[in-house]
file work07.pdb (PDB, C-alpha atoms)
MODEL        1
ATOM      1  CA  MET P  30      80.486  46.472 101.544
ATOM      2  CA  SER P  31      84.163  47.306 101.037
ATOM      3  CA  GLU P  32      83.459  48.271  97.404
ATOM      4  CA  PHE P  33      80.804  50.684  98.651
ATOM      5  CA  ILE P  34      83.338  52.266 101.014
ATOM      6  CA  HIS P  35      85.875  52.412  98.174
ATOM      7  CA  ASP P  36      83.313  54.200  95.937
ATOM      8  CA  ILE P  37      82.572  56.698  98.706
ATOM      9  CA  GLY P  38      86.294  57.269  99.134
ATOM     10  CA  ASP P  39      86.731  57.907  95.393
ATOM     11  CA  THR P  40      83.773  60.278  95.361
ATOM     12  CA  LEU P  41      85.118  62.192  98.340
ATOM     13  CA  ALA P  42      88.583  62.366  96.757
ATOM     14  CA  ARG P  43      87.169  63.797  93.515
ATOM     15  CA  ALA P  44      85.018  66.280  95.411
ATOM     16  CA  GLY P  45      87.986  67.250  97.551
ATOM     17  CA  SER P  46      90.137  67.724  94.463
ATOM     18  CA  ALA P  47      87.511  69.957  92.838
ATOM     19  CA  VAL P  48      87.079  71.994  96.016
ATOM     20  CA  ALA P  49      90.842  72.298  96.442
ATOM     21  CA  GLY P  50      91.160  73.491  92.834
ATOM     22  CA  SER P  51      88.439  76.079  93.378
ATOM     23  CA  VAL P  52      90.065  77.223  96.587
ATOM     24  CA  ARG P  53      93.423  77.609  94.791
ATOM     25  CA  PHE P  54      91.720  79.552  92.007
ATOM     26  CA  GLY P  55      90.069  81.840  94.562
ATOM     27  CA  VAL P  56      93.331  82.303  96.448
ATOM     28  CA  VAL P  57      95.135  83.340  93.257
ATOM     29  CA  ILE P  58      92.435  85.910  92.499
ATOM     30  CA  LEU P  59      92.565  87.222  96.078
ATOM     31  CA  GLN P  60      96.357  87.444  96.007
ATOM     32  CA  LEU P  61      96.378  89.333  92.709
ATOM     33  CA  THR P  62      93.678  91.700  93.970
ATOM     34  CA  ALA P  63      95.571  92.238  97.231
ATOM     35  CA  ALA P  64      98.805  92.897  95.330
ATOM     36  CA  SER P  65      96.999  95.468  93.190
ATOM     37  CA  ALA P  66      95.622  97.248  96.255
ATOM     38  CA  THR P  67      99.010  97.106  97.985
ATOM     39  CA  MET P  68     100.724  98.737  95.018
ATOM     40  CA  VAL P  69      98.140 101.550  94.935
ATOM     41  CA  GLY P  70      98.709 102.065  98.666
ATOM     42  CA  LEU P  71     102.470 102.104  98.169
ATOM     43  CA  SER P  72     102.121 104.688  95.418
ATOM     44  CA  GLN P  73     100.033 106.907  97.678
ATOM     45  CA  HIS P  74     102.491 106.419 100.532
ATOM     46  CA  VAL P  75     105.450 107.377  98.322
ATOM     47  CA  ARG P  76     103.683 110.540  97.183
ATOM     48  CA  SER P  77     102.675 111.420 100.736
ATOM     49  CA  THR P  78     106.200 110.909 102.047
ATOM     50  CA  PHE P  79     107.741 113.029  99.350
ATOM     51  CA  ARG P  80     105.167 115.790  99.803
ATOM     52  CA  TYR P  81     106.532 115.912 103.339
ATOM     53  CA  VAL P  82     110.105 116.026 101.974
ATOM     54  CA  GLU P  83     109.101 118.844  99.626
ATOM     55  CA  ASP P  84     107.628 120.760 102.581
ATOM     56  CA  CYS P  85     110.864 120.176 104.495
ATOM     57  CA  ALA P  86     112.897 121.500 101.558
ATOM     58  CA  GLU P  87     110.736 124.631 101.482
ATOM     59  CA  SER P  88     111.221 125.066 105.221
ATOM     60  CA  VAL P  89     115.006 124.671 104.875
ATOM     61  CA  ASP P  90     114.975 127.289 102.070
ATOM     62  CA  GLN P  91     113.137 129.681 104.379
ATOM     63  CA  LEU P  92     115.692 128.999 107.115
ATOM     64  CA  SER P  93     118.544 129.700 104.720
ATOM     65  CA  ASP P  94     116.879 132.979 103.628
ATOM     66  CA  ARG P  95     116.415 133.965 107.271
ATOM     67  CA  ALA P  96     120.020 133.023 108.055
ATOM     68  CA  ALA P  97     121.231 135.106 105.111
ATOM     69  CA  ALA P  98     119.115 138.091 106.284
ATOM     70  CA  LEU P  99     120.634 137.747 109.766
ATOM     71  CA  LYS P 100     124.128 137.802 108.237
ATOM     72  CA  VAL P 101     124.944 134.212 109.254
ATOM     73  CA  ASP P 102     128.173 132.996 107.635
ATOM     74  CA  GLN P 103     127.786 132.134 103.957
ATOM     75  CA  SER P 104     128.909 128.510 104.330
ATOM     76  CA  THR P 105     126.015 127.820 106.740
ATOM     77  CA  VAL P 106     123.548 129.488 104.366
ATOM     78  CA  ASN P 107     124.989 127.487 101.448
ATOM     79  CA  GLU P 108     124.748 124.199 103.403
ATOM     80  CA  HIS P 109     121.053 124.858 104.016
ATOM     81  CA  ARG P 110     120.425 125.668 100.354
ATOM     82  CA  GLU P 111     122.325 122.538  99.279
ATOM     83  CA  ALA P 112     120.286 120.404 101.700
ATOM     84  CA  ALA P 113     117.053 121.771 100.201
ATOM     85  CA  THR P 114     118.354 121.089  96.683
ATOM     86  CA  ILE P 115     119.243 117.495  97.588
ATOM     87  CA  MET P 116     115.775 116.980  99.074
ATOM     88  CA  ARG P 117     114.167 118.220  95.875
ATOM     89  CA  SER P 118     116.399 116.101  93.655
ATOM     90  CA  CYS P 119     114.664 112.994  95.024
ATOM     91  CA  LEU P 120     111.189 114.215  94.141
ATOM     92  CA  GLU P 121     111.319 113.381  90.431
ATOM     93  CA  GLU P 122     112.557 109.868  91.154
ATOM     94  CA  ALA P 123     109.898 109.440  93.843
ATOM     95  CA  GLU P 124     107.166 110.451  91.411
ATOM     96  CA  ALA P 125     108.544 107.988  88.855
ATOM     97  CA  MET P 126     108.475 105.283  91.527
ATOM     98  CA  ALA P 127     104.876 106.162  92.440
ATOM     99  CA  VAL P 128     103.870 105.936  88.767
ATOM    100  CA  GLU P 129     105.597 102.525  88.482
ATOM    101  CA  CYS P 130     103.658 101.314  91.532
ATOM    102  CA  GLU P 131     100.391 102.443  89.943
ATOM    103  CA  GLU P 132     101.301 100.677  86.699
ATOM    104  CA  MET P 133     102.114  97.494  88.625
ATOM    105  CA  SER P 134      98.770  97.786  90.392
ATOM    106  CA  THR P 135      97.032  98.038  87.034
ATOM    107  CA  LEU P 136      98.929  94.988  85.762
ATOM    108  CA  PHE P 137      98.007  92.920  88.841
ATOM    109  CA  HIS P 138      94.378  93.942  88.412
ATOM    110  CA  ALA P 139      94.451  93.104  84.693
ATOM    111  CA  THR P 140      96.050  89.737  85.474
ATOM    112  CA  ALA P 141      93.308  88.955  87.988
ATOM    113  CA  ASP P 142      90.649  89.928  85.439
ATOM    114  CA  ALA P 143      92.303  87.827  82.726
ATOM    115  CA  HIS P 144      92.601  84.885  85.113
ATOM    116  CA  LEU P 145      88.921  85.194  85.937
ATOM    117  CA  THR P 146      88.037  85.392  82.249
ATOM    118  CA  ASP P 147      90.195  82.396  81.384
ATOM    119  CA  TYR P 148      89.479  80.102  84.313
ATOM    120  CA  ALA P 149      86.351  81.128  86.227
ATOM    121  CA  THR P 150      84.099  78.925  84.131
ATOM    122  CA  VAL P 151      86.572  76.048  84.419
ATOM    123  CA  ALA P 152      86.743  76.409  88.209
ATOM    124  CA  GLU P 153      82.960  76.601  88.422
ATOM    125  CA  ALA P 154      82.531  73.561  86.202
ATOM    126  CA  ALA P 155      85.059  71.593  88.257
ATOM    127  CA  THR P 156      83.316  72.559  91.478
ATOM    128  CA  ASN P 157      79.886  71.615  90.128
ATOM    129  CA  MET P 158      80.980  68.492  88.257
ATOM    130  CA  PRO P 159      78.718  65.529  88.986
ATOM    131  CA  ASP P 160      80.283  62.787  91.058
ATOM    132  CA  SER P 161      79.692  60.356  88.210
ATOM    133  CA  ILE P 162      82.248  62.196  86.033
ATOM    134  CA  GLU P 163      85.851  61.721  86.980
ATOM    135  CA  MET P 164      88.037  64.811  86.824
ATOM    136  CA  ALA P 165      91.235  64.526  84.806
ATOM    137  CA  ASP P 166      94.535  64.548  86.647
ATOM    138  CA  ARG P 167      95.582  68.126  87.544
ATOM    139  CA  THR P 168      98.815  67.786  85.554
ATOM    140  CA  PHE P 169      96.663  67.669  82.404
ATOM    141  CA  TYR P 170      95.523  71.225  83.137
ATOM    142  CA  SER P 171      98.886  72.546  84.310
ATOM    143  CA  ASN P 172     100.357  72.750  80.800
ATOM    144  CA  ARG P 173      97.516  74.869  79.472
TER     145      ARG P 173
ENDMDL
END

call {"tool": "encode", "arguments": {"input": "work07.pdb", "output": "structure tokens"}}
result
Amino acid sequence: MSEFIHDIGDTLARAGSAVAGSVRFGVVILQLTAASATMVGLSQHVRSTFRYVEDCAESVDQLSDRAAALKVDQSTVNEHREAATIMRSCLEEAEAMAVECEEMSTLFHATADAHLTDYATVAEAATNMPDSIEMADRTFYSNR
């Protein structure tokens, strides 16, 4: 009877190992997909924020033009123009950052696709492996 219990324990351990491996595989794919989506969202957020900054710079330019027309002292007008210039100087860097975020998103997505291509069949085979076949130790697969 104890051998029967031992066999059940071994079978459950192998099944648990296969399920755990499949869960890890799925988690990696989900994390890569989530990272890709997050980077796209960050790119859109950066662009949105800096569109707002660009609108602010335009508004400050209009204020400086109005101040100049009202004969406000030149240093105040110049400060407004300089503020608008500083706001605009960030726009090119912000666009570069948004592009980098999009490229990172693409790389995360490509990594997820490559991981699926490389390991989906392995994960499926491990999950569906008959109980009569013993799975190799995970360290065997870790050096692949």

call {"tool": "residues_around", "arguments": {"input": "work07.pdb", "residues": "Glu108 of chain P", "least_positions_apart": "3", "cutoff": "12 Å", "atoms": "only C-alpha atoms", "output": "list in words"}}
result
Val89, Asp90, Leu92, Ser93, Asp94, Ala96, Ala97, Val101, Asp102, Gln103, Ser104, Thr105, Glu111, Ala112, Ala113, Thr114 and Ile115 of chain P

call {"tool": "resolve_selection", "arguments": {"input": "work07.pdb", "expression": "the PyMOL selection byres ((chain P and resi 64) around 12)", "output": "JSON, numbers by chain"}}
result
{"P": [56, 57, 58, 59, 60, 61, 62, 63, 65, 66, 67, 68, 69, 70, 71, 130, 131, 132, 133, 134, 135, 136, 137, 138, 139, 140, 141]}

call {"tool": "atom_distance", "arguments": {"input": "work07.pdb", "atom1": "atom CA of Ala125 of chain P", "atom2": "atom CA of Val82 of chain P"}}
result
15.5 Å

call {"tool": "atom_distance", "arguments": {"input": "work07.pdb", "atom1": "atom CA of His109 of chain P", "atom2": "atom CA of Glu121 of chain P"}}
result
20.3 Å

call {"tool": "atom_distance", "arguments": {"input": "work07.pdb", "atom1": "atom CA of Glu122 of chain P", "atom2": "atom CA of Cys85 of chain P"}}
result
16.9 Å

call {"tool": "residues_around", "arguments": {"input": "work07.pdb", "residues": "Arg76 of chain P", "least_positions_apart": "5", "cutoff": "9 Å", "atoms": "all atoms listed in the file", "output": "PyMOL selection string"}}
result
chain P and resi 71+81+120+123-124+127

call {"tool": "closest_residue", "arguments": {"input": "work07.pdb", "among": "P:Leu145, P:Val106, P:Met164, P:Met158", "to": "Gln91 of chain P", "atoms": "all atoms listed in the file"}}
result
P:Val106

call {"tool": "axis_aligned_box", "arguments": {"input": "work07.pdb", "around": "segment 96-105 of chain P", "padding_each_side": "6 Å", "output": "JSON"}}
result
{"center_x": 124.0, "center_y": 133.0, "center_z": 106.9, "size_x": 21.8, "size_y": 22.3, "size_z": 17.8}

call {"tool": "closest_residue", "arguments": {"input": "work07.pdb", "among": "P:Glu153, P:Glu83, P:Asp166, P:Asp160", "to": "Gly55 of chain P", "atoms": "all atoms listed in the file"}}
result
P:Glu153

call {"tool": "decode", "arguments": {"input": "work07.pdb", "residues": "segment 94-110 of chain P", "atoms": "all heavy atoms", "output": "PDB file, in the first residue's frame"}}
result
ATOM      1  N   ASP P  94       3.878  88.688 -26.637  1.00  0.00           N
ATOM      2  CA  ASP P  94       3.501  89.621 -27.715  1.00  0.00           C
ATOM      3  C   ASP P  94       2.532  90.667 -27.191  1.00  0.00           C
ATOM      4  O   ASP P  94       2.666  91.861 -27.506  1.00  0.00           O
ATOM      5  CB  ASP P  94       2.862  88.861 -28.888  1.00  0.00           C
ATOM      6  CG  ASP P  94       3.853  87.990 -29.638  1.00  0.00           C
ATOM      7  OD1 ASP P  94       5.080  88.190 -29.473  1.00  0.00           O
ATOM      8  OD2 ASP P  94       3.394  87.097 -30.381  1.00  0.00           O
ATOM      9  N   ARG P  95       1.568  90.232 -26.390  1.00  0.00           N
ATOM     10  CA  ARG P  95       0.594  91.170 -25.814  1.00  0.00           C
ATOM     11  C   ARG P  95       1.289  92.140 -24.865  1.00  0.00           C
ATOM     12  O   ARG P  95       1.009  93.331 -24.877  1.00  0.00           O
ATOM     13  CB  ARG P  95      -0.497  90.398 -25.071  1.00  0.00           C
ATOM     14  CG  ARG P  95      -1.685  91.276 -24.710  1.00  0.00           C
ATOM     15  CD  ARG P  95      -2.859  90.498 -24.128  1.00  0.00           C
ATOM     16  NE  ARG P  95      -3.178  89.311 -24.900  1.00  0.00           N
ATOM     17  CZ  ARG P  95      -3.530  88.146 -24.374  1.00  0.00           C
ATOM     18  NH1 ARG P  95      -3.619  88.001 -23.072  1.00  0.00           N
ATOM     19  NH2 ARG P  95      -3.807  87.119 -25.147  1.00  0.00           N
ATOM     20  N   ALA P  96       2.217  91.619 -24.060  1.00  0.00           N
ATOM     21  CA  ALA P  96       2.959  92.480 -23.133  1.00  0.00           C
ATOM     22  C   ALA P  96       3.776  93.507 -23.901  1.00  0.00           C
ATOM     23  O   ALA P  96       3.824  94.677 -23.523  1.00  0.00           O
ATOM     24  CB  ALA P  96       3.852  91.618 -22.240  1.00  0.00           C
ATOM     25  N   ALA P  97       4.398  93.068 -25.005  1.00  0.00           N
ATOM     26  CA  ALA P  97       5.194  93.999 -25.810  1.00  0.00           C
ATOM     27  C   ALA P  97       4.291  95.071 -26.415  1.00  0.00           C
ATOM     28  O   ALA P  97       4.654  96.258 -26.448  1.00  0.00           O
ATOM     29  CB  ALA P  97       5.943  93.245 -26.900  1.00  0.00           C
ATOM     30  N   ALA P  98       3.097  94.681 -26.895  1.00  0.00           N
ATOM     31  CA  ALA P  98       2.156  95.648 -27.487  1.00  0.00           C
ATOM     32  C   ALA P  98       1.652  96.644 -26.442  1.00  0.00           C
ATOM     33  O   ALA P  98       1.345  97.787 -26.778  1.00  0.00           O
ATOM     34  CB  ALA P  98       0.980  94.907 -28.121  1.00  0.00           C
ATOM     35  N   LEU P  99       1.589  96.216 -25.191  1.00  0.00           N
ATOM     36  CA  LEU P  99       1.131  97.097 -24.111  1.00  0.00           C
ATOM     37  C   LEU P  99       2.280  97.889 -23.489  1.00  0.00           C
ATOM     38  O   LEU P  99       2.110  98.532 -22.465  1.00  0.00           O
ATOM     39  CB  LEU P  99       0.412  96.275 -23.034  1.00  0.00           C
ATOM     40  CG  LEU P  99      -0.898  95.617 -23.472  1.00  0.00           C
ATOM     41  CD1 LEU P  99      -1.394  94.666 -22.398  1.00  0.00           C
ATOM     42  CD2 LEU P  99      -1.945  96.674 -23.804  1.00  0.00           C
ATOM     43  N   LYS P 100       3.448  97.805 -24.104  1.00  0.00           N
ATOM     44  CA  LYS P 100       4.638  98.533 -23.674  1.00  0.00           C
ATOM     45  C   LYS P 100       5.107  98.143 -22.266  1.00  0.00           C
ATOM     46  O   LYS P 100       5.580  98.971 -21.500  1.00  0.00           O
ATOM     47  CB  LYS P 100       4.403 100.054 -23.735  1.00  0.00           C
ATOM     48  CG  LYS P 100       3.877 100.575 -25.046  1.00  0.00           C
ATOM     49  CD  LYS P 100       5.019 100.982 -25.935  1.00  0.00           C
ATOM     50  CE  LYS P 100       4.482 101.732 -27.135  1.00  0.00           C
ATOM     51  NZ  LYS P 100       4.391 100.971 -28.324  1.00  0.00           N
ATOM     52  N   VAL P 101       4.943  96.834 -21.937  1.00  0.00           N
ATOM     53  CA  VAL P 101       5.486  96.314 -20.681  1.00  0.00           C
ATOM     54  C   VAL P 101       6.999  96.310 -20.824  1.00  0.00           C
ATOM     55  O   VAL P 101       7.538  96.183 -21.923  1.00  0.00           O
ATOM     56  CB  VAL P 101       4.938  94.891 -20.422  1.00  0.00           C
ATOM     57  CG1 VAL P 101       5.593  94.234 -19.228  1.00  0.00           C
ATOM     58  CG2 VAL P 101       3.421  94.922 -20.256  1.00  0.00           C
ATOM     59  N   ASP P 102       7.713  96.464 -19.691  1.00  0.00           N
ATOM     60  CA  ASP P 102       9.175  96.556 -19.759  1.00  0.00           C
ATOM     61  C   ASP P 102       9.767  95.364 -20.515  1.00  0.00           C
ATOM     62  O   ASP P 102       9.262  94.244 -20.454  1.00  0.00           O
ATOM     63  CB  ASP P 102       9.779  96.667 -18.352  1.00  0.00           C
ATOM     64  CG  ASP P 102       9.559  95.438 -17.524  1.00  0.00           C
ATOM     65  OD1 ASP P 102       8.412  95.218 -17.063  1.00  0.00           O
ATOM     66  OD2 ASP P 102      10.532  94.679 -17.353  1.00  0.00           O
ATOM     67  N   GLN P 103      10.838  95.642 -21.239  1.00  0.00           N
ATOM     68  CA  GLN P 103      11.453  94.658 -22.132  1.00  0.00           C
ATOM     69  C   GLN P 103      11.954  93.422 -21.393  1.00  0.00           C
ATOM     70  O   GLN P 103      11.892  92.315 -21.924  1.00  0.00           O
ATOM     71  CB  GLN P 103      12.593  95.301 -22.931  1.00  0.00           C
ATOM     72  CG  GLN P 103      13.098  94.476 -24.089  1.00  0.00           C
ATOM     73  CD  GLN P 103      12.000  94.170 -25.125  1.00  0.00           C
ATOM     74  OE1 GLN P 103      11.226  95.048 -25.496  1.00  0.00           O
ATOM     75  NE2 GLN P 103      11.936  92.915 -25.552  1.00  0.00           N
ATOM     76  N   SER P 104      12.427  93.565 -20.167  1.00  0.00           N
ATOM     77  CA  SER P 104      12.943  92.395 -19.449  1.00  0.00           C
ATOM     78  C   SER P 104      11.818  91.391 -19.153  1.00  0.00           C
ATOM     79  O   SER P 104      12.026  90.177 -19.233  1.00  0.00           O
ATOM     80  CB  SER P 104      13.661  92.800 -18.166  1.00  0.00           C
ATOM     81  OG  SER P 104      12.763  93.403 -17.262  1.00  0.00           O
ATOM     82  N   THR P 105      10.612  91.886 -18.875  1.00  0.00           N
ATOM     83  CA  THR P 105       9.471  90.994 -18.647  1.00  0.00           C
ATOM     84  C   THR P 105       9.098  90.277 -19.940  1.00  0.00           C
ATOM     85  O   THR P 105       8.861  89.065 -19.948  1.00  0.00           O
ATOM     86  CB  THR P 105       8.263  91.781 -18.104  1.00  0.00           C
ATOM     87  OG1 THR P 105       8.640  92.407 -16.877  1.00  0.00           O
ATOM     88  CG2 THR P 105       7.070  90.884 -17.886  1.00  0.00           C
ATOM     89  N   VAL P 106       9.070  91.026 -21.042  1.00  0.00           N
ATOM     90  CA  VAL P 106       8.767  90.431 -22.347  1.00  0.00           C
ATOM     91  C   VAL P 106       9.816  89.367 -22.685  1.00  0.00           C
ATOM     92  O   VAL P 106       9.478  88.252 -23.115  1.00  0.00           O
ATOM     93  CB  VAL P 106       8.705  91.519 -23.445  1.00  0.00           C
ATOM     94  CG1 VAL P 106       8.595  90.891 -24.830  1.00  0.00           C
ATOM     95  CG2 VAL P 106       7.566  92.480 -23.177  1.00  0.00           C
ATOM     96  N   ASN P 107      11.096  89.701 -22.461  1.00  0.00           N
ATOM     97  CA  ASN P 107      12.178  88.758 -22.751  1.00  0.00           C
ATOM     98  C   ASN P 107      12.092  87.492 -21.881  1.00  0.00           C
ATOM     99  O   ASN P 107      12.377  86.394 -22.355  1.00  0.00           O
ATOM    100  CB  ASN P 107      13.540  89.426 -22.568  1.00  0.00           C
ATOM    101  CG  ASN P 107      13.813  90.461 -23.642  1.00  0.00           C
ATOM    102  OD1 ASN P 107      13.154  90.475 -24.683  1.00  0.00           O
ATOM    103  ND2 ASN P 107      14.767  91.335 -23.385  1.00  0.00           N
ATOM    104  N   GLU P 108      11.726  87.654 -20.613  1.00  0.00           N
ATOM    105  CA  GLU P 108      11.581  86.494 -19.716  1.00  0.00           C
ATOM    106  C   GLU P 108      10.505  85.550 -20.237  1.00  0.00           C
ATOM    107  O   GLU P 108      10.669  84.329 -20.203  1.00  0.00           O
ATOM    108  CB  GLU P 108      11.237  86.945 -18.291  1.00  0.00           C
ATOM    109  CG  GLU P 108      12.380  87.613 -17.552  1.00  0.00           C
ATOM    110  CD  GLU P 108      13.529  86.669 -17.241  1.00  0.00           C
ATOM    111  OE1 GLU P 108      13.278  85.475 -16.969  1.00  0.00           O
ATOM    112  OE2 GLU P 108      14.679  87.126 -17.286  1.00  0.00           O
ATOM    113  N   HIS P 109       9.404  86.114 -20.731  1.00  0.00           N
ATOM    114  CA  HIS P 109       8.333  85.286 -21.281  1.00  0.00           C
ATOM    115  C   HIS P 109       8.814  84.554 -22.543  1.00  0.00           C
ATOM    116  O   HIS P 109       8.554  83.363 -22.712  1.00  0.00           O
ATOM    117  CB  HIS P 109       7.091  86.138 -21.600  1.00  0.00           C
ATOM    118  CG  HIS P 109       6.238  86.410 -20.413  1.00  0.00           C
ATOM    119  ND1 HIS P 109       6.574  87.341 -19.462  1.00  0.00           N
ATOM    120  CD2 HIS P 109       5.059  85.867 -20.021  1.00  0.00           C
ATOM    121  CE1 HIS P 109       5.650  87.362 -18.530  1.00  0.00           C
ATOM    122  NE2 HIS P 109       4.694  86.473 -18.851  1.00  0.00           N
ATOM    123  N   ARG P 110       9.504  85.258 -23.413  1.00  0.00           N
ATOM    124  CA  ARG P 110      10.005  84.626 -24.633  1.00  0.00           C
ATOM    125  C   ARG P 110      11.021  83.520 -24.304  1.00  0.00           C
ATOM    126  O   ARG P 110      11.008  82.452 -24.917  1.00  0.00           O
ATOM    127  CB  ARG P 110      10.625  85.653 -25.568  1.00  0.00           C
ATOM    128  CG  ARG P 110       9.612  86.615 -26.159  1.00  0.00           C
ATOM    129  CD  ARG P 110      10.199  87.416 -27.311  1.00  0.00           C
ATOM    130  NE  ARG P 110       9.406  88.603 -27.612  1.00  0.00           N
ATOM    131  CZ  ARG P 110       8.240  88.592 -28.244  1.00  0.00           C
ATOM    132  NH1 ARG P 110       7.714  87.454 -28.630  1.00  0.00           N
ATOM    133  NH2 ARG P 110       7.591  89.724 -28.480  1.00  0.00           N
TER     134      ARG P 110
END
